[in-house]
$ cat protein_9.cif   # mmCIF, C-alpha atoms and all ligand atoms
data_start
loop_
_atom_site.label_atom_id
_atom_site.label_comp_id
_atom_site.auth_asym_id
_atom_site.auth_seq_id
_atom_site.Cartn_x
_atom_site.Cartn_y
_atom_site.Cartn_z
CA MET A 1 8.09 -93.39 62.63
CA ASP A 2 9.40 -90.06 61.31
CA ALA A 3 6.22 -88.22 62.25
CA ALA A 4 6.19 -89.93 65.65
CA THR A 5 9.74 -88.81 66.41
CA ILE A 6 8.96 -85.22 65.43
CA ALA A 7 5.77 -85.23 67.54
CA ILE A 8 7.56 -86.61 70.62
CA ASN A 9 10.25 -83.95 70.25
CA GLN A 10 7.64 -81.20 69.95
CA ARG A 11 6.11 -82.35 73.27
CA MET A 12 9.50 -81.96 74.96
CA ASN A 13 8.74 -78.66 76.63
CA LYS A 14 11.43 -78.39 79.29
CA PHE A 15 12.85 -75.22 77.79
CA ASP A 16 9.54 -73.62 76.79
CA GLY A 17 9.67 -69.93 77.52
CA HIS A 18 13.47 -69.79 77.16
CA ASP A 19 14.57 -67.56 74.32
CA GLN A 20 17.99 -69.26 74.06
CA VAL A 21 18.98 -72.90 74.69
CA TRP A 22 22.33 -74.70 74.64
CA LEU A 23 22.44 -77.72 72.34
CA PHE A 24 25.23 -80.29 72.62
CA GLY A 25 26.42 -81.87 69.36
CA TYR A 26 28.51 -85.04 69.22
CA GLY A 27 28.05 -86.20 65.62
CA SER A 28 27.54 -84.25 62.42
CA LEU A 29 26.70 -81.21 64.54
CA ILE A 30 30.38 -80.92 65.45
CA TYR A 31 31.39 -80.19 61.87
CA LYS A 32 28.15 -79.14 60.18
CA ALA A 33 26.00 -76.43 61.70
CA ASP A 34 23.44 -75.73 58.97
CA PHE A 35 21.46 -73.46 61.27
CA PRO A 36 21.96 -70.05 62.83
CA TYR A 37 23.57 -69.97 66.25
CA ILE A 38 24.48 -67.27 68.70
CA GLU A 39 27.61 -68.87 70.11
CA ARG A 40 29.57 -72.11 69.74
CA ARG A 41 31.87 -73.62 72.39
CA PRO A 42 33.79 -76.91 72.69
CA ALA A 43 32.14 -78.89 75.46
CA SER A 44 31.44 -82.35 76.84
CA ILE A 45 28.78 -84.34 78.61
CA ALA A 46 29.51 -86.86 81.36
CA GLY A 47 28.17 -90.39 81.58
CA TRP A 48 27.77 -90.89 77.82
CA THR A 49 29.92 -92.40 75.10
CA ARG A 50 29.68 -92.01 71.31
CA ARG A 51 28.86 -95.14 69.30
CA PHE A 52 28.13 -95.84 65.62
CA TRP A 53 25.07 -97.84 66.58
CA GLN A 54 22.28 -95.89 64.87
CA GLY A 55 21.09 -96.92 61.43
CA SER A 56 20.75 -94.21 58.79
CA HIS A 57 18.06 -94.85 56.19
CA ASP A 58 17.58 -91.24 55.22
CA HIS A 59 21.00 -89.53 55.20
CA ARG A 60 23.95 -91.94 54.87
CA GLY A 61 22.15 -95.03 53.65
CA THR A 62 18.82 -96.20 52.29
CA PRO A 63 15.93 -98.23 53.75
CA MET A 64 17.29 -101.32 51.93
CA ALA A 65 20.91 -100.67 52.85
CA PRO A 66 21.17 -98.48 55.96
CA GLY A 67 24.41 -96.81 56.88
CA ARG A 68 25.64 -96.25 60.43
CA VAL A 69 25.82 -92.91 62.22
CA ALA A 70 26.61 -91.79 65.74
CA THR A 71 24.43 -91.85 68.78
CA ILE A 72 25.45 -91.74 72.42
CA VAL A 73 24.84 -94.47 74.97
CA PRO A 74 25.09 -94.27 78.74
CA GLN A 75 28.38 -95.44 80.26
CA ALA A 76 29.42 -94.82 83.84
CA GLY A 77 32.56 -92.68 84.07
CA ALA A 78 32.64 -91.86 80.34
CA VAL A 79 32.88 -88.37 78.90
CA CYS A 80 31.68 -87.53 75.39
CA ASP A 81 33.43 -84.56 73.77
CA GLY A 82 31.68 -82.36 71.23
CA MET A 83 30.49 -78.87 70.46
CA ALA A 84 27.79 -76.83 72.18
CA TYR A 85 25.69 -74.27 70.31
CA LEU A 86 23.57 -71.54 71.81
CA ILE A 87 20.46 -71.44 69.65
CA THR A 88 16.95 -70.05 69.60
CA PRO A 89 14.01 -72.46 69.98
CA GLU A 90 13.00 -72.16 66.31
CA VAL A 91 16.19 -74.01 65.38
CA PHE A 92 14.79 -77.14 67.02
CA ALA A 93 12.04 -77.36 64.40
CA HIS A 94 14.75 -77.55 61.75
CA LEU A 95 16.78 -80.14 63.70
CA ASP A 96 13.70 -82.20 64.60
CA HIS A 97 13.08 -82.52 60.89
CA ARG A 98 16.72 -83.06 59.86
CA GLU A 99 17.20 -85.75 62.53
CA LYS A 100 13.74 -87.27 62.41
CA ASN A 101 14.92 -90.85 62.11
CA GLY A 102 14.71 -91.80 65.78
CA TYR A 103 16.61 -89.01 67.55
CA LEU A 104 14.86 -87.63 70.64
CA ARG A 105 15.73 -84.53 72.62
CA LEU A 106 17.04 -85.12 76.12
CA ALA A 107 17.94 -82.60 78.82
CA THR A 108 21.58 -82.85 79.92
CA ASP A 109 24.29 -81.02 81.83
CA ILE A 110 26.89 -79.59 79.45
CA THR A 111 30.41 -78.72 80.61
CA PHE A 112 32.35 -76.17 78.56
CA ASP A 113 36.02 -76.93 77.94
CA ASP A 114 36.98 -73.47 79.16
CA GLY A 115 34.95 -73.83 82.35
CA GLY A 116 31.36 -73.51 83.38
CA LYS A 117 28.33 -75.75 83.22
CA VAL A 118 24.83 -75.25 81.83
CA GLU A 119 21.75 -77.36 81.37
CA GLY A 120 20.89 -77.90 77.75
CA LEU A 121 19.70 -80.44 75.23
CA VAL A 122 21.17 -83.29 73.24
CA TYR A 123 19.60 -85.53 70.58
CA ILE A 124 19.94 -89.24 71.30
CA ALA A 125 18.82 -92.34 69.43
CA ASN A 126 18.25 -95.13 71.92
CA GLU A 127 17.61 -98.85 71.43
CA GLU A 128 13.85 -98.30 71.32
CA ASN A 129 13.89 -96.57 67.96
CA ALA A 130 13.25 -98.70 64.90
CA ALA A 131 16.45 -97.61 63.14
CA PHE A 132 18.72 -98.63 66.04
CA LEU A 133 21.28 -101.24 64.94
CA GLY A 134 23.24 -101.64 68.16
CA ALA A 135 26.71 -102.92 68.90
CA ALA A 136 28.90 -104.69 66.35
CA PRO A 137 32.66 -105.26 66.03
CA GLU A 138 34.37 -102.08 64.82
CA LEU A 139 35.67 -103.86 61.70
CA ASP A 140 32.09 -104.83 60.76
CA ILE A 141 30.95 -101.27 61.38
CA ALA A 142 33.74 -100.04 59.08
CA ARG A 143 32.67 -102.55 56.40
CA GLN A 144 29.07 -101.33 56.59
CA ILE A 145 30.18 -97.69 56.44
CA ALA A 146 32.46 -98.43 53.46
CA ARG A 147 29.59 -99.77 51.36
CA SER A 148 26.84 -97.32 52.41
CA ASN A 149 25.63 -94.25 50.55
CA GLY A 150 22.58 -92.07 51.01
CA PRO A 151 20.98 -88.78 49.98
CA SER A 152 23.48 -86.83 52.13
CA GLY A 153 26.46 -88.63 50.58
CA PRO A 154 28.79 -91.51 51.35
CA ASN A 155 28.67 -92.86 54.88
CA SER A 156 32.49 -92.80 54.91
CA GLU A 157 32.42 -89.00 54.47
CA TYR A 158 30.40 -88.66 57.70
CA LEU A 159 32.86 -90.85 59.64
CA LEU A 160 35.95 -89.11 58.23
CA HIS A 161 34.57 -85.60 58.86
CA LEU A 162 33.72 -86.53 62.43
CA ALA A 163 37.15 -88.07 63.07
CA SER A 164 38.99 -85.03 61.70
CA ALA A 165 36.72 -82.59 63.56
CA LEU A 166 37.52 -84.42 66.82
CA ARG A 167 41.22 -84.27 66.01
CA GLU A 168 40.97 -80.53 65.29
CA LEU A 169 39.40 -80.11 68.73
CA GLY A 170 42.32 -82.04 70.21
CA LYS A 171 40.02 -84.87 71.33
CA SER A 172 40.43 -88.59 71.17
CA ASP A 173 37.68 -91.14 70.65
CA PRO A 174 39.03 -94.71 70.44
CA HIS A 175 35.78 -96.06 68.92
CA VAL A 176 35.68 -93.46 66.12
CA PHE A 177 39.41 -93.65 65.43
CA ALA A 178 39.39 -97.47 65.31
CA ILE A 179 36.59 -97.45 62.72
CA GLU A 180 38.48 -94.77 60.77
CA GLN A 181 41.59 -96.96 60.74
CA TYR A 182 39.69 -100.05 59.58
CA LEU A 183 38.02 -97.97 56.88
CA ALA A 184 41.41 -96.78 55.62
CA GLN A 185 42.58 -100.40 55.41
CA LEU A 186 39.44 -101.44 53.56
CA GLN A 187 39.80 -98.60 51.08
CA ALA A 188 43.55 -98.98 50.50
CA PRO A 189 44.40 -100.39 47.08
CA ALA A 190 45.01 -104.14 47.31
CA GLN A 191 48.71 -104.92 47.81
CA ASP A 192 50.49 -106.03 44.64
CA SER A 193 51.34 -109.64 45.47
CA THR A 194 54.31 -109.58 43.04
CA ALA A 195 55.90 -106.52 44.65
CA ALA A 196 58.04 -108.49 47.09
CA TYR A 197 59.24 -110.75 44.31
CA PRO A 198 60.85 -108.57 41.62
CA GLY A 199 61.30 -111.58 39.44
CA GLY A 200 57.57 -111.77 39.10
CA ILE A 201 56.83 -114.80 41.24
CA SER A 202 53.63 -114.06 43.08
CA ALA A 203 53.55 -114.39 46.83
CA ASP A 204 51.15 -117.30 46.75
CA ALA A 205 52.69 -119.10 43.80
CA GLY A 206 53.46 -122.68 44.69
CA LEU A 207 57.03 -123.99 44.38
CA THR A 208 56.02 -127.17 42.62
C1 LIG B 301 24.73 -84.44 66.82
O1 LIG B 301 25.60 -84.31 66.01
O2 LIG B 301 24.91 -84.20 67.98
C2 LIG B 301 23.40 -84.92 66.43
C3 LIG B 301 23.25 -86.24 66.19
C4 LIG B 301 22.02 -86.68 65.82
C5 LIG B 301 20.95 -85.85 65.75
C6 LIG B 301 21.12 -84.54 66.01
C7 LIG B 301 22.35 -84.07 66.38
#
$ encode --input "protein_9.cif" --output "structure tokens"
Amino acid sequence: MDAATIAINQRMNKFDGHDQVWLFGYGSLIYKADFPYIERRPASIAGWTRRFWQGSHDHRGTPMAPGRVATIVPQAGAVCDGMAYLITPEVFAHLDHREKNGYLRLATDITFDDGGKVEGLVYIANEENAAFLGAAPELDIARQIARSNGPSGPNSEYLLHLASALRELGKSDPHVFAIEQYLAQLQAPAQDSTAAYPGGISADAGLT
């Protein structure tokens, strides 16, 4: 599976011969660029929406207890905001390895926030990859994220970094922000049931 993903990506030769390529990031790439880049610009791609539908067995979960990370899925009229990086082709070898769990390179039009359009690449994990988990209610996604941990750290850290990076860019993503809100509720200390009753009678104490 891992080797297959890397091999498919290496056969993606659309930009062969180019010495610089624009890469669009919509997940961890927005806040974590652990690779050299020439330039970085806020950008978006049209016709795609971000969803926490990809399982993570290798970064934010384990094979027995996968976490959930972002992918993008096609949606007419949608716009996915993120960050574009101008990189050299060698960087793809690093990313192919880092994101080997089902993410394939796809050519896409990228629109820069400050104007202009280029053709570049994006990594997507579609429903054909073995780690794909698919749609679930946002509360269930938050529950899964709350309990998941992997070699790269807690799944919640990924979600919270992404949400705050989007906010810093001045962008809204109702799916990400809803999961963030559910996560905050799940992680809030349980309410003290005696707090509303200073005399010490608990909220669910019977009157008989
Ligand atoms: C991204 O943040 O855009 C990204 C997501 C998955 C794999 C590679 C990049």
$ closest_residue --input "protein_9.cif" --among "A:Asn13, A:Ser172, A:Thr49, A:Gln20" --to "ligand LIG 301 (chain B)" --atoms "only C-alpha atoms and all ligand atoms"
A:Thr49
$ closest_atom_pairs --input "protein_9.cif" --of "chain A" --to "ligand LIG 301 (chain B)" --cutoff "6 Å" --atoms "all atoms listed in the file" --output "CSV"
residue,atom,partner,partner_atom,distance
A:Gly25,CA,B:LIG301,O2,3.1
A:Tyr26,CA,B:LIG301,O2,3.9
A:Gly27,CA,B:LIG301,O1,3.1
A:Ser28,CA,B:LIG301,O1,4.1
A:Leu29,CA,B:LIG301,O1,3.6
A:Ile30,CA,B:LIG301,O1,5.9
A:Glu99,CA,B:LIG301,C5,4.9
A:Tyr103,CA,B:LIG301,C5,5.7
A:Tyr123,CA,B:LIG301,C6,4.9
$ atom_distance --input "protein_9.cif" --atom1 "CA of Thr71 in chain A" --atom2 "CA of Glu90 in chain A"
22.9 Å
$ residues_near_point --input "protein_9.cif" --point "(37.3, -97.8, 63.4)" --cutoff "12 Å" --atoms "all atoms listed in the file" --output "JSON, numbers by chain"
{"A": [51, 52, 136, 137, 138, 139, 140, 141, 142, 143, 144, 145, 146, 156, 159, 160, 162, 163, 173, 174, 175, 176, 177, 178, 179, 180, 181, 182, 183, 184, 185, 186]}
$ residues_near_point --input "protein_9.cif" --point "(22.0, -98.9, 64.7)" --cutoff "12 Å" --atoms "all atoms listed in the file" --output "number ranges by chain"
A: 51-57, 61, 66-73, 101-103, 124-136, 141, 144-145
$ atom_distance --input "protein_9.cif" --atom1 "CA of Thr62 in chain A" --atom2 "CA of Ala93 in chain A"
23.4 Å
$ atom_distance --input "protein_9.cif" --atom1 "CA of Trp48 in chain A" --atom2 "CA of Arg105 in chain A"
14.6 Å
$ axis_aligned_box --input "protein_9.cif" --around "range 147-166 of chain A" --padding-each-side "3 Å" --output "JSON"
{"center_x": 30.0, "center_y": -91.2, "center_z": 58.4, "size_x": 24.0, "size_y": 23.2, "size_z": 22.8}
$ residues_around --input "protein_9.cif" --residues "Trp22 in chain A" --least-positions-apart "5" --cutoff "6 Å" --atoms "only C-alpha atoms" --output "PyMOL selection string"
chain A and resi 85-86+120
$ closest_residue --input "protein_9.cif" --among "A:Asp113, A:Glu168, A:Asp58, A:Asp81" --to "Pro154 in chain A" --atoms "all atoms listed in the file"
A:Asp58
$ decode --input "protein_9.cif" --residues "range 97-113 of chain A" --atoms "N, CA, C and O atoms" --output "short mmCIF file (atom, residue, chain, number, x, y, z; two decimals), in the first residue's frame"
data_model
loop_
_atom_site.label_atom_id
_atom_site.label_comp_id
_atom_site.auth_asym_id
_atom_site.auth_seq_id
_atom_site.Cartn_x
_atom_site.Cartn_y
_atom_site.Cartn_z
N HIS A 97 7.00 10.43 0.43
CA HIS A 97 7.28 9.53 1.54
C HIS A 97 6.51 9.91 2.79
O HIS A 97 5.90 9.09 3.45
N ARG A 98 6.48 11.23 3.08
CA ARG A 98 5.79 11.71 4.29
C ARG A 98 4.29 11.37 4.21
O ARG A 98 3.67 11.00 5.19
N GLU A 99 3.72 11.49 3.03
CA GLU A 99 2.26 11.32 2.86
C GLU A 99 1.96 10.06 2.07
O GLU A 99 1.14 10.06 1.18
N LYS A 100 2.66 8.97 2.43
CA LYS A 100 2.58 7.76 1.61
C LYS A 100 1.29 6.98 1.83
O LYS A 100 0.99 6.06 1.08
N ASN A 101 0.54 7.34 2.84
CA ASN A 101 -0.62 6.54 3.22
C ASN A 101 -1.86 6.89 2.39
O ASN A 101 -2.88 7.30 2.92
N GLY A 102 -1.74 6.76 1.07
CA GLY A 102 -2.92 6.91 0.22
C GLY A 102 -3.07 8.23 -0.51
O GLY A 102 -4.02 8.39 -1.27
N TYR A 103 -2.18 9.18 -0.30
CA TYR A 103 -2.31 10.48 -0.96
C TYR A 103 -1.63 10.46 -2.33
O TYR A 103 -0.44 10.14 -2.43
N LEU A 104 -2.39 10.81 -3.36
CA LEU A 104 -1.86 10.83 -4.72
C LEU A 104 -1.79 12.27 -5.23
O LEU A 104 -2.64 13.09 -4.90
N ARG A 105 -0.78 12.52 -6.05
CA ARG A 105 -0.65 13.86 -6.65
C ARG A 105 -1.67 14.04 -7.77
O ARG A 105 -1.89 13.13 -8.56
N LEU A 106 -2.25 15.22 -7.81
CA LEU A 106 -3.23 15.55 -8.84
C LEU A 106 -2.93 16.95 -9.36
O LEU A 106 -2.64 17.85 -8.57
N ALA A 107 -3.02 17.14 -10.66
CA ALA A 107 -2.82 18.48 -11.23
C ALA A 107 -4.07 19.31 -10.98
O ALA A 107 -5.20 18.81 -11.07
N THR A 108 -3.89 20.57 -10.64
CA THR A 108 -5.04 21.45 -10.34
C THR A 108 -4.71 22.90 -10.67
O THR A 108 -3.53 23.29 -10.66
N ASP A 109 -5.75 23.68 -10.94
CA ASP A 109 -5.57 25.13 -11.03
C ASP A 109 -5.53 25.70 -9.61
O ASP A 109 -6.35 25.32 -8.77
N ILE A 110 -4.61 26.59 -9.38
CA ILE A 110 -4.47 27.24 -8.06
C ILE A 110 -4.67 28.74 -8.26
O ILE A 110 -4.06 29.33 -9.16
N THR A 111 -5.54 29.33 -7.43
CA THR A 111 -5.78 30.77 -7.51
C THR A 111 -5.16 31.45 -6.29
O THR A 111 -5.49 31.09 -5.15
N PHE A 112 -4.27 32.40 -6.52
CA PHE A 112 -3.65 33.12 -5.40
C PHE A 112 -4.62 34.16 -4.85
O PHE A 112 -5.34 34.80 -5.63
N ASP A 113 -4.61 34.33 -3.53
CA ASP A 113 -5.52 35.31 -2.92
C ASP A 113 -5.27 36.72 -3.45
O ASP A 113 -6.20 37.53 -3.54
#
